[in-house]
file start19.pdb (PDB, N, CA and C atoms)
MODEL        1
ATOM      1  N   MET A 298     -53.264   6.270  72.268
ATOM      2  CA  MET A 298     -53.065   7.382  73.175
ATOM      3  C   MET A 298     -53.948   8.553  72.776
ATOM      4  N   PRO A 299     -54.562   9.229  73.732
ATOM      5  CA  PRO A 299     -55.407  10.372  73.410
ATOM      6  C   PRO A 299     -54.577  11.590  73.007
ATOM      7  N   ASN A 300     -55.200  12.448  72.190
ATOM      8  CA  ASN A 300     -54.570  13.692  71.749
ATOM      9  C   ASN A 300     -53.210  13.484  71.088
ATOM     10  N   GLU A 301     -53.093  12.417  70.304
ATOM     11  CA  GLU A 301     -51.831  12.139  69.639
ATOM     12  C   GLU A 301     -52.090  11.991  68.147
ATOM     13  N   ASP A 302     -51.208  12.566  67.330
ATOM     14  CA  ASP A 302     -51.385  12.453  65.893
ATOM     15  C   ASP A 302     -50.593  11.271  65.352
ATOM     16  N   VAL A 303     -50.565  11.136  64.035
ATOM     17  CA  VAL A 303     -49.932  10.005  63.377
ATOM     18  C   VAL A 303     -48.440   9.916  63.699
ATOM     19  N   THR A 304     -47.750  11.035  63.810
ATOM     20  CA  THR A 304     -46.311  11.027  64.069
ATOM     21  C   THR A 304     -45.977  10.791  65.538
ATOM     22  N   GLY A 305     -46.983  10.748  66.398
ATOM     23  CA  GLY A 305     -46.743  10.529  67.818
ATOM     24  C   GLY A 305     -46.559  11.812  68.597
ATOM     25  N   GLU A 306     -46.619  12.939  67.918
ATOM     26  CA  GLU A 306     -46.458  14.227  68.587
ATOM     27  C   GLU A 306     -47.791  14.613  69.231
ATOM     28  N   THR A 307     -47.766  14.942  70.506
ATOM     29  CA  THR A 307     -49.002  15.274  71.194
ATOM     30  C   THR A 307     -49.449  16.688  70.861
ATOM     31  N   LEU A 308     -50.732  16.927  71.014
ATOM     32  CA  LEU A 308     -51.279  18.256  70.769
ATOM     33  C   LEU A 308     -50.691  19.280  71.733
ATOM     34  N   GLU A 309     -50.365  18.857  72.938
ATOM     35  CA  GLU A 309     -49.795  19.778  73.913
ATOM     36  C   GLU A 309     -48.435  20.301  73.460
ATOM     37  N   VAL A 310     -47.703  19.504  72.709
ATOM     38  CA  VAL A 310     -46.404  19.929  72.185
ATOM     39  C   VAL A 310     -46.598  20.811  70.953
ATOM     40  N   ARG A 311     -47.538  20.427  70.105
ATOM     41  CA  ARG A 311     -47.757  21.143  68.848
ATOM     42  C   ARG A 311     -48.435  22.498  69.053
ATOM     43  N   ARG A 312     -49.289  22.604  70.054
ATOM     44  CA  ARG A 312     -50.062  23.831  70.298
ATOM     45  C   ARG A 312     -49.179  25.080  70.471
ATOM     46  N   PRO A 313     -48.178  25.082  71.352
ATOM     47  CA  PRO A 313     -47.365  26.297  71.489
ATOM     48  C   PRO A 313     -46.561  26.624  70.225
ATOM     49  N   LEU A 314     -46.148  25.612  69.484
ATOM     50  CA  LEU A 314     -45.429  25.848  68.235
ATOM     51  C   LEU A 314     -46.338  26.521  67.212
ATOM     52  N   ALA A 315     -47.588  26.078  67.156
ATOM     53  CA  ALA A 315     -48.550  26.661  66.224
ATOM     54  C   ALA A 315     -48.873  28.103  66.593
ATOM     55  N   VAL A 316     -49.076  28.374  67.861
ATOM     56  CA  VAL A 316     -49.365  29.734  68.314
ATOM     57  C   VAL A 316     -48.189  30.648  68.000
ATOM     58  N   ARG A 317     -46.990  30.186  68.255
ATOM     59  CA  ARG A 317     -45.786  30.986  67.981
ATOM     60  C   ARG A 317     -45.663  31.292  66.489
ATOM     61  N   ALA A 318     -45.879  30.295  65.645
ATOM     62  CA  ALA A 318     -45.766  30.486  64.191
ATOM     63  C   ALA A 318     -46.810  31.478  63.692
ATOM     64  N   LEU A 319     -48.019  31.399  64.208
ATOM     65  CA  LEU A 319     -49.064  32.337  63.790
ATOM     66  C   LEU A 319     -48.739  33.759  64.246
ATOM     67  N   ARG A 320     -48.254  33.903  65.448
ATOM     68  CA  ARG A 320     -47.928  35.241  65.964
ATOM     69  C   ARG A 320     -46.760  35.879  65.221
ATOM     70  N   ARG A 321     -45.875  35.069  64.677
ATOM     71  CA  ARG A 321     -44.684  35.589  63.997
ATOM     72  C   ARG A 321     -44.961  36.063  62.577
ATOM     73  N   SER A 322     -46.146  35.752  62.027
ATOM     74  CA  SER A 322     -46.396  36.072  60.625
ATOM     75  C   SER A 322     -47.831  36.524  60.400
ATOM     76  N   ASN A 323     -47.990  37.776  59.979
ATOM     77  CA  ASN A 323     -49.323  38.269  59.636
ATOM     78  C   ASN A 323     -49.901  37.526  58.437
ATOM     79  N   VAL A 324     -49.034  37.108  57.518
ATOM     80  CA  VAL A 324     -49.508  36.375  56.339
ATOM     81  C   VAL A 324     -50.122  35.046  56.772
ATOM     82  N   ARG A 325     -49.471  34.334  57.693
ATOM     83  CA  ARG A 325     -50.030  33.063  58.176
ATOM     84  C   ARG A 325     -51.392  33.288  58.829
ATOM     85  N   ILE A 326     -51.500  34.335  59.641
ATOM     86  CA  ILE A 326     -52.775  34.623  60.311
ATOM     87  C   ILE A 326     -53.857  34.948  59.283
ATOM     88  N   LYS A 327     -53.538  35.802  58.317
ATOM     89  CA  LYS A 327     -54.520  36.183  57.299
ATOM     90  C   LYS A 327     -54.971  34.980  56.485
ATOM     91  N   ILE A 328     -54.048  34.080  56.150
ATOM     92  CA  ILE A 328     -54.405  32.871  55.408
ATOM     93  C   ILE A 328     -55.338  32.008  56.242
ATOM     94  N   ALA A 329     -55.000  31.800  57.501
ATOM     95  CA  ALA A 329     -55.843  30.989  58.386
ATOM     96  C   ALA A 329     -57.223  31.620  58.552
ATOM     97  N   GLU A 330     -57.275  32.941  58.702
ATOM     98  CA  GLU A 330     -58.565  33.621  58.836
ATOM     99  C   GLU A 330     -59.412  33.467  57.573
ATOM    100  N   TYR A 331     -58.788  33.656  56.414
ATOM    101  CA  TYR A 331     -59.529  33.520  55.156
ATOM    102  C   TYR A 331     -60.050  32.090  54.977
ATOM    103  N   LEU A 332     -59.195  31.109  55.220
ATOM    104  CA  LEU A 332     -59.629  29.724  55.054
ATOM    105  C   LEU A 332     -60.705  29.351  56.078
ATOM    106  N   SER A 333     -60.647  29.959  57.250
ATOM    107  CA  SER A 333     -61.684  29.734  58.248
ATOM    108  C   SER A 333     -63.022  30.331  57.797
ATOM    109  N   GLU A 334     -62.957  31.506  57.167
ATOM    110  CA  GLU A 334     -64.173  32.159  56.656
ATOM    111  C   GLU A 334     -64.872  31.321  55.588
ATOM    112  N   ILE A 335     -64.098  30.692  54.726
ATOM    113  CA  ILE A 335     -64.701  29.943  53.612
ATOM    114  C   ILE A 335     -64.929  28.471  53.957
ATOM    115  N   SER A 336     -64.487  28.049  55.141
ATOM    116  CA  SER A 336     -64.645  26.661  55.560
ATOM    117  C   SER A 336     -66.117  26.264  55.533
ATOM    118  N   PRO A 337     -66.440  25.098  55.070
ATOM    119  CA  PRO A 337     -65.637  23.909  54.803
ATOM    120  C   PRO A 337     -65.060  23.847  53.382
ATOM    121  N   ASN A 338     -65.158  24.927  52.625
ATOM    122  CA  ASN A 338     -64.608  24.939  51.269
ATOM    123  C   ASN A 338     -63.095  25.086  51.296
ATOM    124  N   TYR A 339     -62.495  24.768  50.162
ATOM    125  CA  TYR A 339     -61.051  24.879  49.973
ATOM    126  C   TYR A 339     -60.777  25.948  48.926
ATOM    127  N   SER A 340     -59.529  26.425  48.874
ATOM    128  CA  SER A 340     -59.172  27.446  47.907
ATOM    129  C   SER A 340     -57.781  27.165  47.354
ATOM    130  N   TYR A 341     -57.472  27.753  46.211
ATOM    131  CA  TYR A 341     -56.158  27.563  45.605
ATOM    132  C   TYR A 341     -55.288  28.785  45.866
ATOM    133  N   THR A 342     -54.006  28.649  45.628
ATOM    134  CA  THR A 342     -53.000  29.638  46.006
ATOM    135  C   THR A 342     -53.296  31.054  45.516
ATOM    136  N   ALA A 343     -53.578  31.210  44.228
ATOM    137  CA  ALA A 343     -53.806  32.552  43.676
ATOM    138  C   ALA A 343     -55.035  33.206  44.300
ATOM    139  N   ASP A 344     -56.073  32.436  44.553
ATOM    140  CA  ASP A 344     -57.286  32.970  45.163
ATOM    141  C   ASP A 344     -57.018  33.406  46.612
ATOM    142  N   ILE A 345     -56.271  32.596  47.331
ATOM    143  CA  ILE A 345     -55.905  32.964  48.703
ATOM    144  C   ILE A 345     -55.097  34.260  48.686
ATOM    145  N   ALA A 346     -54.121  34.340  47.784
ATOM    146  CA  ALA A 346     -53.279  35.536  47.680
ATOM    147  C   ALA A 346     -54.115  36.771  47.391
ATOM    148  N   TYR A 347     -55.086  36.648  46.506
ATOM    149  CA  TYR A 347     -55.953  37.773  46.164
ATOM    150  C   TYR A 347     -56.724  38.246  47.399
ATOM    151  N   HIS A 348     -57.284  37.314  48.150
ATOM    152  CA  HIS A 348     -58.116  37.676  49.300
ATOM    153  C   HIS A 348     -57.332  38.187  50.504
ATOM    154  N   VAL A 349     -56.086  37.739  50.661
ATOM    155  CA  VAL A 349     -55.291  38.230  51.793
ATOM    156  C   VAL A 349     -54.344  39.348  51.374
ATOM    157  N   ARG A 350     -54.437  39.736  50.106
ATOM    158  CA  ARG A 350     -53.672  40.859  49.553
ATOM    159  C   ARG A 350     -52.164  40.698  49.704
ATOM    160  N   THR A 351     -51.681  39.581  49.176
ATOM    161  CA  THR A 351     -50.247  39.318  49.131
ATOM    162  C   THR A 351     -49.949  38.557  47.845
ATOM    163  N   THR A 352     -48.713  38.176  47.657
ATOM    164  CA  THR A 352     -48.321  37.473  46.444
ATOM    165  C   THR A 352     -48.509  35.961  46.607
ATOM    166  N   PRO A 353     -48.724  35.256  45.497
ATOM    167  CA  PRO A 353     -48.831  33.796  45.581
ATOM    168  C   PRO A 353     -47.585  33.147  46.196
ATOM    169  N   SER A 354     -46.395  33.706  45.951
ATOM    170  CA  SER A 354     -45.181  33.114  46.536
ATOM    171  C   SER A 354     -45.179  33.251  48.065
ATOM    172  N   ASN A 355     -45.715  34.342  48.596
ATOM    173  CA  ASN A 355     -45.845  34.475  50.052
ATOM    174  C   ASN A 355     -46.829  33.452  50.610
ATOM    175  N   VAL A 356     -47.900  33.213  49.876
ATOM    176  CA  VAL A 356     -48.891  32.222  50.311
ATOM    177  C   VAL A 356     -48.256  30.832  50.333
ATOM    178  N   ILE A 357     -47.544  30.489  49.275
ATOM    179  CA  ILE A 357     -46.884  29.182  49.217
ATOM    180  C   ILE A 357     -45.869  29.057  50.348
ATOM    181  N   GLY A 358     -45.101  30.108  50.584
ATOM    182  CA  GLY A 358     -44.125  30.082  51.664
ATOM    183  C   GLY A 358     -44.765  29.874  53.025
ATOM    184  N   ALA A 359     -45.844  30.575  53.295
ATOM    185  CA  ALA A 359     -46.522  30.444  54.593
ATOM    186  C   ALA A 359     -47.167  29.070  54.748
ATOM    187  N   ILE A 360     -47.710  28.545  53.667
ATOM    188  CA  ILE A 360     -48.389  27.248  53.747
ATOM    189  C   ILE A 360     -47.408  26.087  53.776
ATOM    190  N   ARG A 361     -46.409  26.088  52.889
ATOM    191  CA  ARG A 361     -45.496  24.948  52.757
ATOM    192  C   ARG A 361     -44.107  25.179  53.324
ATOM    193  N   GLY A 362     -43.703  26.430  53.469
ATOM    194  CA  GLY A 362     -42.329  26.748  53.849
ATOM    195  C   GLY A 362     -41.530  27.072  52.596
ATOM    196  N   MET A 363     -40.571  27.979  52.749
ATOM    197  CA  MET A 363     -39.784  28.385  51.591
ATOM    198  C   MET A 363     -38.441  28.924  52.076
ATOM    199  N   GLU A 364     -37.414  28.120  51.946
ATOM    200  CA  GLU A 364     -36.050  28.499  52.292
ATOM    201  C   GLU A 364     -35.989  29.187  53.653
ATOM    202  N   THR A 365     -35.364  30.358  53.729
ATOM    203  CA  THR A 365     -35.165  30.987  55.042
ATOM    204  C   THR A 365     -36.290  31.929  55.439
ATOM    205  N   ARG A 366     -37.036  32.443  54.486
ATOM    206  CA  ARG A 366     -38.079  33.414  54.812
ATOM    207  C   ARG A 366     -39.225  32.782  55.594
ATOM    208  N   TYR A 367     -39.661  31.626  55.144
ATOM    209  CA  TYR A 367     -40.708  30.873  55.841
ATOM    210  C   TYR A 367     -40.150  29.490  56.147
ATOM    211  N   LYS A 368     -39.883  29.232  57.407
ATOM    212  CA  LYS A 368     -39.306  27.944  57.802
ATOM    213  C   LYS A 368     -40.329  26.831  57.600
ATOM    214  N   GLU A 369     -39.857  25.716  57.068
ATOM    215  CA  GLU A 369     -40.753  24.589  56.806
ATOM    216  C   GLU A 369     -41.357  24.031  58.090
ATOM    217  N   ASP A 370     -40.591  24.021  59.169
ATOM    218  CA  ASP A 370     -41.125  23.489  60.427
ATOM    219  C   ASP A 370     -42.152  24.412  61.079
ATOM    220  N   GLU A 371     -42.285  25.655  60.570
ATOM    221  CA  GLU A 371     -43.315  26.577  61.050
ATOM    222  C   GLU A 371     -44.389  26.804  59.992
ATOM    223  N   SER A 372     -44.398  25.978  58.963
ATOM    224  CA  SER A 372     -45.397  26.136  57.896
ATOM    225  C   SER A 372     -46.770  25.678  58.383
ATOM    226  N   LEU A 373     -47.790  26.207  57.765
ATOM    227  CA  LEU A 373     -49.163  25.877  58.157
ATOM    228  C   LEU A 373     -49.473  24.398  57.925
ATOM    229  N   LEU A 374     -48.891  23.794  56.895
ATOM    230  CA  LEU A 374     -49.088  22.362  56.648
ATOM    231  C   LEU A 374     -48.395  21.516  57.704
ATOM    232  N   THR A 375     -47.153  21.834  58.013
ATOM    233  CA  THR A 375     -46.391  21.061  58.993
ATOM    234  C   THR A 375     -47.050  21.105  60.364
ATOM    235  N   LEU A 376     -47.599  22.258  60.722
ATOM    236  CA  LEU A 376     -48.232  22.423  62.032
ATOM    237  C   LEU A 376     -49.679  21.941  62.059
ATOM    238  N   ASP A 377     -50.164  21.413  60.932
ATOM    239  CA  ASP A 377     -51.527  20.872  60.825
ATOM    240  C   ASP A 377     -52.597  21.941  61.022
ATOM    241  N   ILE A 378     -52.284  23.175  60.659
ATOM    242  CA  ILE A 378     -53.267  24.251  60.708
ATOM    243  C   ILE A 378     -54.068  24.255  59.408
ATOM    244  N   VAL A 379     -53.392  23.887  58.322
ATOM    245  CA  VAL A 379     -53.993  23.841  56.988
ATOM    246  C   VAL A 379     -53.757  22.452  56.414
ATOM    247  N   GLU A 380     -54.716  21.976  55.627
ATOM    248  CA  GLU A 380     -54.537  20.709  54.935
ATOM    249  C   GLU A 380     -54.599  20.928  53.428
ATOM    250  N   GLU A 381     -53.919  20.046  52.707
ATOM    251  CA  GLU A 381     -53.816  20.162  51.261
ATOM    252  C   GLU A 381     -54.636  19.058  50.608
ATOM    253  N   LYS A 382     -55.332  19.427  49.548
ATOM    254  CA  LYS A 382     -56.130  18.465  48.793
ATOM    255  C   LYS A 382     -55.666  18.555  47.338
ATOM    256  N   ASN A 383     -55.271  17.411  46.771
ATOM    257  CA  ASN A 383     -54.845  17.380  45.371
ATOM    258  C   ASN A 383     -56.034  17.102  44.476
ATOM    259  N   CYS A 384     -56.184  17.918  43.444
ATOM    260  CA  CYS A 384     -57.269  17.758  42.483
ATOM    261  C   CYS A 384     -56.692  17.421  41.117
ATOM    262  N   ARG A 385     -57.563  17.263  40.153
ATOM    263  CA  ARG A 385     -57.107  16.937  38.796
ATOM    264  C   ARG A 385     -56.208  18.042  38.254
ATOM    265  N   ASN A 386     -55.424  17.714  37.251
ATOM    266  CA  ASN A 386     -54.480  18.638  36.613
ATOM    267  C   ASN A 386     -53.455  19.205  37.587
ATOM    268  N   ASN A 387     -53.132  18.432  38.618
ATOM    269  CA  ASN A 387     -52.104  18.811  39.593
ATOM    270  C   ASN A 387     -52.408  20.139  40.304
ATOM    271  N   ILE A 388     -53.674  20.435  40.528
ATOM    272  CA  ILE A 388     -54.080  21.636  41.261
ATOM    273  C   ILE A 388     -54.179  21.278  42.736
ATOM    274  N   LYS A 389     -53.574  22.113  43.567
ATOM    275  CA  LYS A 389     -53.614  21.891  45.010
ATOM    276  C   LYS A 389     -54.563  22.903  45.644
ATOM    277  N   LEU A 390     -55.464  22.399  46.455
ATOM    278  CA  LEU A 390     -56.401  23.252  47.180
ATOM    279  C   LEU A 390     -56.078  23.169  48.668
ATOM    280  N   TYR A 391     -56.350  24.245  49.375
ATOM    281  CA  TYR A 391     -56.028  24.315  50.798
ATOM    282  C   TYR A 391     -57.264  24.678  51.614
ATOM    283  N   GLY A 392     -57.371  24.045  52.775
ATOM    284  CA  GLY A 392     -58.457  24.329  53.700
ATOM    285  C   GLY A 392     -57.939  24.276  55.123
ATOM    286  N   ILE A 393     -58.659  24.902  56.014
ATOM    287  CA  ILE A 393     -58.238  24.934  57.417
ATOM    288  C   ILE A 393     -58.709  23.660  58.118
ATOM    289  N   THR A 394     -57.919  23.193  59.059
ATOM    290  CA  THR A 394     -58.267  22.009  59.843
ATOM    291  C   THR A 394     -59.006  22.432  61.109
ATOM    292  N   SER A 395     -59.566  21.483  61.811
ATOM    293  CA  SER A 395     -60.223  21.812  63.079
ATOM    294  C   SER A 395     -59.186  22.315  64.094
ATOM    295  N   PHE A 396     -57.982  21.745  64.059
ATOM    296  CA  PHE A 396     -56.904  22.231  64.925
ATOM    297  C   PHE A 396     -56.550  23.674  64.553
ATOM    298  N   GLY A 397     -56.546  23.989  63.262
ATOM    299  CA  GLY A 397     -56.266  25.346  62.790
ATOM    300  C   GLY A 397     -57.305  26.332  63.287
ATOM    301  N   LYS A 398     -58.573  25.941  63.244
ATOM    302  CA  LYS A 398     -59.643  26.807  63.747
ATOM    303  C   LYS A 398     -59.469  27.072  65.240
ATOM    304  N   GLU A 399     -59.093  26.034  65.961
ATOM    305  CA  GLU A 399     -58.876  26.162  67.405
ATOM    306  C   GLU A 399     -57.717  27.118  67.697
ATOM    307  N   MET A 400     -56.618  26.990  66.944
ATOM    308  CA  MET A 400     -55.452  27.862  67.148
ATOM    309  C   MET A 400     -55.789  29.311  66.787
ATOM    310  N   LEU A 401     -56.558  29.496  65.742
ATOM    311  CA  LEU A 401     -56.966  30.837  65.327
ATOM    312  C   LEU A 401     -57.827  31.496  66.402
ATOM    313  N   ARG A 402     -58.770  30.754  66.961
ATOM    314  CA  ARG A 402     -59.591  31.263  68.064
ATOM    315  C   ARG A 402     -58.729  31.677  69.254
ATOM    316  N   GLU A 403     -57.746  30.843  69.562
ATOM    317  CA  GLU A 403     -56.864  31.110  70.698
ATOM    318  C   GLU A 403     -56.073  32.405  70.466
ATOM    319  N   ILE A 404     -55.567  32.602  69.270
ATOM    320  CA  ILE A 404     -54.808  33.827  68.929
ATOM    321  C   ILE A 404     -55.731  35.053  69.013
ATOM    322  N   GLN A 405     -56.938  34.932  68.483
ATOM    323  CA  GLN A 405     -57.862  36.058  68.448
ATOM    324  C   GLN A 405     -58.354  36.433  69.842
ATOM    325  N   GLU A 406     -58.488  35.477  70.728
ATOM    326  CA  GLU A 406     -58.923  35.750  72.096
ATOM    327  C   GLU A 406     -57.877  36.535  72.878
ATOM    328  N   LYS A 407     -56.619  36.321  72.561
ATOM    329  CA  LYS A 407     -55.538  36.969  73.301
ATOM    330  C   LYS A 407     -55.169  38.330  72.760
ATOM    331  N   LYS A 408     -55.835  38.784  71.689
ATOM    332  CA  LYS A 408     -55.537  40.117  71.120
ATOM    333  C   LYS A 408     -56.116  41.202  71.986
TER     334      LYS A 408
ENDMDL
END

call {"tool": "encode", "arguments": {"input": "start19.pdb", "output": "structure tokens"}}
result
Amino acid sequence: MPNEDVTGETLEVRRPLAVRALRRSNVRIKIAEYLSEISPNYSYTADIAYHVRTTPSNVIGAIRGMETRYKEDESLLTLDIVEEKNCRNNIKLYGITSFGKEMLREIQEKK
């Protein structure tokens, strides 16, 4: 099926959820913008936090979800806006996906 991901969820269903999640959080938008700027490179949590001027725990919450403050179903990873790459010594790097770039463009056009 066209425009369908591994879980069977269509892009048409995921798109409004991604836009809503980005609009609800300035931290999510700033993370997506920073990762888009450095694309195709990846970055680690502390570096992202430094560049978007927030704490590493806020970055982790926005990317992965964290209890009630950042819902997991609205996390950047769950919505396929950001992807995670595991490196040696259990270091996780994050980069923006092509879907993430598209969602970021859509948000910026409507400002």

call {"tool": "atom_distance", "arguments": {"input": "start19.pdb", "atom1": "atom N of Ala315 in chain A", "atom2": "CA of Asn387 in chain A"}}
result
28.9 Å

call {"tool": "select_by_dssp", "arguments": {"input": "start19.pdb", "residues": "chain A", "states": "strand (DSSP E or B)", "output": "list of chain:residue names"}}
result
A:Glu301, A:Thr307, A:Ser340, A:Tyr341, A:Met363, A:Tyr367, A:Val379, A:Glu380, A:Glu381, A:Lys382, A:Asn383, A:Cys384, A:Ile388, A:Lys389, A:Leu390, A:Tyr391, A:Gly392, A:Ile393

call {"tool": "atom_distance", "arguments": {"input": "start19.pdb", "atom1": "CA of Ala318 in chain A", "atom2": "atom C of Cys384 in chain A"}}
result
28.7 Å

call {"tool": "residues_around", "arguments": {"input": "start19.pdb", "residues": "range 340-347 of chain A", "least_positions_apart": "2", "cutoff": "6 Å", "atoms": "only N, CA and C atoms", "output": "list in words"}}
result
Asn338, Val349, Arg350, Thr351, Thr352, Pro353, Lys389, Leu390, Tyr391 and Gly392 of chain A

call {"tool": "closest_residue", "arguments": {"input": "start19.pdb", "among": "A:Met363, A:Ile393, A:Ile404, A:Val310", "to": "Asp377 in chain A", "atoms": "all atoms listed in the file"}}
result
A:Ile393

call {"tool": "atom_distance", "arguments": {"input": "start19.pdb", "atom1": "atom N of Asn355 in chain A", "atom2": "CA of Arg321 in chain A"}}
result
15.5 Å

call {"tool": "closest_residue", "arguments": {"input": "start19.pdb", "among": "A:Arg325, A:Arg320, A:Glu406, A:Arg311", "to": "Val356 in chain A", "atoms": "only N, CA and C atoms"}}
result
A:Arg325

call {"tool": "select_by_dssp", "arguments": {"input": "start19.pdb", "residues": "range 322-352 of chain A", "states": "helix (DSSP H, G or I)", "output": "JSON, numbers by chain"}}
result
{"A": [323, 324, 325, 326, 327, 328, 329, 330, 331, 332, 333, 334, 335, 342, 343, 344, 345, 346, 347, 348, 349]}

call {"tool": "write_last_selection", "arguments": {"input": "start19.pdb", "atoms": "N, CA and C atoms", "output": "short mmCIF file (atom, residue, chain, number, x, y, z; two decimals), keeping the file's coordinate frame"}}
result
data_model
loop_
_atom_site.label_atom_id
_atom_site.label_comp_id
_atom_site.auth_asym_id
_atom_site.auth_seq_id
_atom_site.Cartn_x
_atom_site.Cartn_y
_atom_site.Cartn_z
N ASN A 323 -47.99 37.78 59.98
CA ASN A 323 -49.32 38.27 59.64
C ASN A 323 -49.90 37.53 58.44
N VAL A 324 -49.03 37.11 57.52
CA VAL A 324 -49.51 36.38 56.34
C VAL A 324 -50.12 35.05 56.77
N ARG A 325 -49.47 34.33 57.69
CA ARG A 325 -50.03 33.06 58.18
C ARG A 325 -51.39 33.29 58.83
N ILE A 326 -51.50 34.34 59.64
CA ILE A 326 -52.78 34.62 60.31
C ILE A 326 -53.86 34.95 59.28
N LYS A 327 -53.54 35.80 58.32
CA LYS A 327 -54.52 36.18 57.30
C LYS A 327 -54.97 34.98 56.48
N ILE A 328 -54.05 34.08 56.15
CA ILE A 328 -54.40 32.87 55.41
C ILE A 328 -55.34 32.01 56.24
N ALA A 329 -55.00 31.80 57.50
CA ALA A 329 -55.84 30.99 58.39
C ALA A 329 -57.22 31.62 58.55
N GLU A 330 -57.28 32.94 58.70
CA GLU A 330 -58.56 33.62 58.84
C GLU A 330 -59.41 33.47 57.57
N TYR A 331 -58.79 33.66 56.41
CA TYR A 331 -59.53 33.52 55.16
C TYR A 331 -60.05 32.09 54.98
N LEU A 332 -59.20 31.11 55.22
CA LEU A 332 -59.63 29.72 55.05
C LEU A 332 -60.70 29.35 56.08
N SER A 333 -60.65 29.96 57.25
CA SER A 333 -61.68 29.73 58.25
C SER A 333 -63.02 30.33 57.80
N GLU A 334 -62.96 31.51 57.17
CA GLU A 334 -64.17 32.16 56.66
C GLU A 334 -64.87 31.32 55.59
N ILE A 335 -64.10 30.69 54.73
CA ILE A 335 -64.70 29.94 53.61
C ILE A 335 -64.93 28.47 53.96
N THR A 342 -54.01 28.65 45.63
CA THR A 342 -53.00 29.64 46.01
C THR A 342 -53.30 31.05 45.52
N ALA A 343 -53.58 31.21 44.23
CA ALA A 343 -53.81 32.55 43.68
C ALA A 343 -55.04 33.21 44.30
N ASP A 344 -56.07 32.44 44.55
CA ASP A 344 -57.29 32.97 45.16
C ASP A 344 -57.02 33.41 46.61
N ILE A 345 -56.27 32.60 47.33
CA ILE A 345 -55.90 32.96 48.70
C ILE A 345 -55.10 34.26 48.69
N ALA A 346 -54.12 34.34 47.78
CA ALA A 346 -53.28 35.54 47.68
C ALA A 346 -54.12 36.77 47.39
N TYR A 347 -55.09 36.65 46.51
CA TYR A 347 -55.95 37.77 46.16
C TYR A 347 -56.72 38.25 47.40
N HIS A 348 -57.28 37.31 48.15
CA HIS A 348 -58.12 37.68 49.30
C HIS A 348 -57.33 38.19 50.50
N VAL A 349 -56.09 37.74 50.66
CA VAL A 349 -55.29 38.23 51.79
C VAL A 349 -54.34 39.35 51.37
#

call {"tool": "resolve_selection", "arguments": {"input": "start19.pdb", "expression": "the PyMOL selection byres (((chain A and resi 396 and name CA) around 9) and name CA)", "output": "list in words"}}
result
Arg312, Asp377, Ile378, Val379, Ile393, Thr394, Ser395, Gly397, Lys398, Glu399, Met400 and Leu401 of chain A

call {"tool": "write_last_selection", "arguments": {"input": "start19.pdb", "atoms": "N, CA and C atoms", "output": "mmCIF file, in the frame of the given file"}}
result
data_model
loop_
_atom_site.group_PDB
_atom_site.id
_atom_site.type_symbol
_atom_site.label_atom_id
_atom_site.label_comp_id
_atom_site.auth_asym_id
_atom_site.auth_seq_id
_atom_site.Cartn_x
_atom_site.Cartn_y
_atom_site.Cartn_z
ATOM 1 N N ARG A 312 -49.289 22.604 70.054
ATOM 2 C CA ARG A 312 -50.062 23.831 70.298
ATOM 3 C C ARG A 312 -49.179 25.080 70.471
ATOM 4 N N ASP A 377 -50.164 21.413 60.932
ATOM 5 C CA ASP A 377 -51.527 20.872 60.825
ATOM 6 C C ASP A 377 -52.597 21.941 61.022
ATOM 7 N N ILE A 378 -52.284 23.175 60.659
ATOM 8 C CA ILE A 378 -53.267 24.251 60.708
ATOM 9 C C ILE A 378 -54.068 24.255 59.408
ATOM 10 N N VAL A 379 -53.392 23.887 58.322
ATOM 11 C CA VAL A 379 -53.993 23.841 56.988
ATOM 12 C C VAL A 379 -53.757 22.452 56.414
ATOM 13 N N ILE A 393 -58.659 24.902 56.014
ATOM 14 C CA ILE A 393 -58.238 24.934 57.417
ATOM 15 C C ILE A 393 -58.709 23.660 58.118
ATOM 16 N N THR A 394 -57.919 23.193 59.059
ATOM 17 C CA THR A 394 -58.267 22.009 59.843
ATOM 18 C C THR A 394 -59.006 22.432 61.109
ATOM 19 N N SER A 395 -59.566 21.483 61.811
ATOM 20 C CA SER A 395 -60.223 21.812 63.079
ATOM 21 C C SER A 395 -59.186 22.315 64.094
ATOM 22 N N GLY A 397 -56.546 23.989 63.262
ATOM 23 C CA GLY A 397 -56.266 25.346 62.790
ATOM 24 C C GLY A 397 -57.305 26.332 63.287
ATOM 25 N N LYS A 398 -58.573 25.941 63.244
ATOM 26 C CA LYS A 398 -59.643 26.807 63.747
ATOM 27 C C LYS A 398 -59.469 27.072 65.240
ATOM 28 N N GLU A 399 -59.093 26.034 65.961
ATOM 29 C CA GLU A 399 -58.876 26.162 67.405
ATOM 30 C C GLU A 399 -57.717 27.118 67.697
ATOM 31 N N MET A 400 -56.618 26.990 66.944
ATOM 32 C CA MET A 400 -55.452 27.862 67.148
ATOM 33 C C MET A 400 -55.789 29.311 66.787
ATOM 34 N N LEU A 401 -56.558 29.496 65.742
ATOM 35 C CA LEU A 401 -56.966 30.837 65.327
ATOM 36 C C LEU A 401 -57.827 31.496 66.402
#

call {"tool": "closest_residue", "arguments": {"input": "start19.pdb", "among": "A:His348, A:Glu309, A:Glu371, A:Leu314", "to": "Lys327 in chain A", "atoms": "only N, CA and C atoms"}}
result
A:His348

call {"tool": "residues_near_point", "arguments": {"input": "start19.pdb", "point": "(-45.0, 30.3, 56.2)", "cutoff": "6 Å", "atoms": "all atoms listed in the file", "output": "PyMOL selection string"}}
result
chain A and resi 358-362+367-368+371-373

call {"tool": "closest_residue", "arguments": {"input": "start19.pdb", "among": "A:Arg402, A:Arg366, A:Lys382, A:Lys407", "to": "Tyr339 in chain A", "atoms": "all atoms listed in the file"}}
result
A:Lys382

call {"tool": "axis_aligned_box", "arguments": {"input": "start19.pdb", "around": "range 331-334 of chain A", "padding_each_side": "4 Å", "output": "lines of an AutoDock Vina configuration file"}}
result
center_x = -61.8
center_y = 31.5
center_z = 56.6
size_x = 14.1
size_y = 12.3
size_z = 11.3
